[in-house]
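K.L.:
Dropping a structure here in structure tokens format, bear with me for questions.
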Amino acid sequence: MFDINKYEFDQEHNCLEIGGEAMVFHCHHYMMNLQRTILDADYIQSELFLVGSAADALYCQLSNLCEGLDIDASKKMAQDIYKTFGYGLIDLSDMDADGIELQTTKSFFSQNWLLKYGASKKPVDYYTTGFLAAAYAVIYDKNLEDIFAQQSSCMACGDTNNTFIIRQGACNFARYPKKQATVFRDVAKVSLNWEYEELITNAFLGAHATMVGNEDGLIPAFGVYLVRTQSDYINRLQFEFAKAMSDVAGEYGETLAGELLMEAGHACGFFTYGGIMNSIEWEGAVKPYLKTKEDWIKGLAAIVNTMGWGYHTAVELSEKRAIFRNYNDFEDLSYMRMYGTNKHPIHWANSGGFTGLMQLVYNTDIVNGEKIETEEGFRAMRRSKVGYKTKMTKGISCGDDYLEVEIYL
Amino acid sequence: MSKDIKPLFDWANKIGDANINNRILAKAMPALIAAKFVLTDTMIREDISFDVPYDIFDVLKKSAEELLNASYEEGK
């Protein structure tokens, strides 16, 4: 099994890097919502970047992790990180210089798509398609440009297993330029200003290492399925989608894309943050220190600051209005590595997550023990007449020192 | 000739996701742009009725039905 403990959590920047790739947790609600949002726009050739984003991130990561390893050890490394990161199980033993036809019945994407949305008309495990293309390229020293990768059967479509075909041939997914190194924005941080912050953060520091794939290669935690994903993979999906929508409809398309991307963040905020607040870990280690609803938000921030998403804090916080910041947030750092700078904030997942958190704490009865876990609960919360509005005001990729978002009624 | 889209979106909201309005708009976006017709979630939610040309209504109806895998029957 891949040993996550070999990779030290960067406490100064609240991030974790493995094999040169920044790693972040996401829940199945976010991942499925994001992918469905992209696929809804069927006039976009999204398969190209859905596979290409994964292939690019994994090619970079596996190139580093497999350096100096022989073929068998490299195959084991690829299998192990796939399982450890929560994507399911793959067996690369049949892969050779000509490629592989791989079958599996353990797939985060296919199983969760079926669970959340029911049957799909098309295969949905684009990530694994890209992962396998990258693994083949790294293990057999091929160029990604010369690899054909396809998923030919999918459990989400009713098939008994997922089948992937990886071989030499004309490349059928997007390729991207070399990325830049991470540039952190080292500025003085406004803290959460909460007396228990350090206590809670220290209690959960290192806990991320316990969230690794089980015997099925899945990470069930807090009532959701988590994946530890390459930040540049998941964020490129957002950026490429927004760009494609902008290409079709200019500012209208980009605005609509932003609203849809933020909705995926809402789902993450509701289900994952709700799951954390309903968990026994929260009950035992955090809840004793919570007196007000604002404490609930600060307690949650103190925990998620150990998860690799940057440093979350609130500079203003009340039921009617909050201003949140994230120092070295994963979306902006990804954007700058892959695309450089931008004129508009692009941190839709963070902002949607903050908004979901406000709705969760102030618009539900979670602080009094209400269980937050159903799709219907999410629909009811999102349709609430007292819904919060979100304004993304600052972003590191825009030249600011931090991400800032205003959430207000 | 025009037609009110509010009943269509009310139906979609009754059985669909919380953000079904934006999903429908995104799916129909190329047709909306081709017709130079800008429609937003806020416009749909805040107006009591909202008339659009028949061809735009048909595109929105088709998009909604595809996303929801259900048929829209007027008056129901």
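Convention: chains lettered A, B, ... in structure tokens order; per-chain residue numbering from 1; ligands numbered from 1 as shown.
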Determine which residues of chain B sit within 7 Å of chain A, taking into account only C-alpha atoms, and present them as a compact mmCIF listing (two decimals) with N, CA and C atoms, in the first residue's frame.
P.N.:
```
# COMPACT_ATOMS: atom_id res chain seq x y z
N ASP B 17 -33.46 19.28 -9.91
CA ASP B 17 -32.47 19.75 -8.95
C ASP B 17 -32.73 21.20 -8.56
N ALA B 18 -32.04 21.61 -7.50
CA ALA B 18 -32.18 22.99 -7.04
C ALA B 18 -31.69 23.98 -8.09
N ASN B 22 -30.54 26.84 -14.20
CA ASN B 22 -29.25 27.06 -14.87
C ASN B 22 -28.85 25.88 -15.75
N ALA B 26 -28.05 26.31 -19.62
CA ALA B 26 -26.75 25.89 -20.17
C ALA B 26 -26.96 24.94 -21.35
N LYS B 27 -27.91 24.04 -21.21
CA LYS B 27 -28.14 23.07 -22.29
C LYS B 27 -28.68 23.77 -23.54
N PRO B 30 -26.59 27.44 -26.84
CA PRO B 30 -26.29 27.77 -28.24
C PRO B 30 -27.52 28.32 -28.99
N ILE B 33 -28.22 31.89 -27.77
CA ILE B 33 -27.25 32.83 -28.33
C ILE B 33 -27.55 33.09 -29.82
```
K.L.:
Applying 10 Å and only C-alpha atoms, which residues near B:Ala70 remain after dropping the ones on its own chain fewer than 6 positions away? List them as a ChimeraX atom specification.
P.N.:
/B:12,15,62,64
K.L.:
Compare A:Phe330, A:Tyr311, A:Tyr82, A:Tyr388 by their minimum atom-to-atom distance to A:His347, counting only C-alpha atoms, and give me the closest one.
P.N.:
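Among the listed residues, the smallest separation from A:His347 belongs to A:Phe330.
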K.L.:
How far is it from atom CA of A:Ile407 to atom CA of A:Thr390, in Å with one decimal?
P.N.:
4.8 Å
K.L.:
Quick one: everything within 10 Å of A:Tyr233, counting only C-alpha atoms, minus sequence neighbours fewer than 3 positions away in the same chain. Send it as an NGL selection string.
P.N.:
:A and (21-23 or 49-58 or 127 or 229-230 or 236-238 or 334)
K.L.:
Name the residues of chain B that fall into helix (DSSP H, G or I) according to DSSP on the backbone, using the chain letters and numbers of this document, as a VMD selection string.
P.N.:
chain B and resid 6 to 15 20 to 34 41 to 46 54 to 68
K.L.:
Excluding same-chain residues fewer than 6 positions from B:Ile48, what lies within 12 Å of it counting only C-alpha atoms, as JSON, numbers by chain?
P.N.:
{"B": [4, 5, 6, 7, 9, 10, 42]}
K.L.:
Quick one: everything within 9 Å of B:Phe57, counting only C-alpha atoms, minus sequence neighbours fewer than 2 positions away in the same chain. Send it as a short mmCIF file (atom, residue, chain, number, x, y, z; two decimals) with C-alpha atoms, in the first residue's frame.
P.N.:
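Result saved to selection.cif:
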```cif
data_model
loop_
_atom_site.label_atom_id
_atom_site.label_comp_id
_atom_site.auth_asym_id
_atom_site.auth_seq_id
_atom_site.Cartn_x
_atom_site.Cartn_y
_atom_site.Cartn_z
CA SER B 2 -44.80 34.26 -27.72
CA LYS B 3 -45.34 31.92 -24.81
CA ASP B 4 -44.86 32.11 -21.04
CA ILE B 5 -41.99 29.94 -19.81
CA LEU B 8 -42.35 25.09 -17.72
CA ASP B 51 -42.89 35.43 -22.50
CA VAL B 52 -40.44 34.13 -25.07
CA PRO B 53 -40.80 33.41 -28.78
CA TYR B 54 -42.27 29.98 -29.59
CA ASP B 55 -39.04 28.61 -31.00
CA VAL B 59 -35.77 24.67 -27.21
CA LEU B 60 -36.14 25.22 -23.46
CA LYS B 61 -38.85 22.57 -23.24
CA LYS B 62 -36.72 20.04 -25.10
#
```
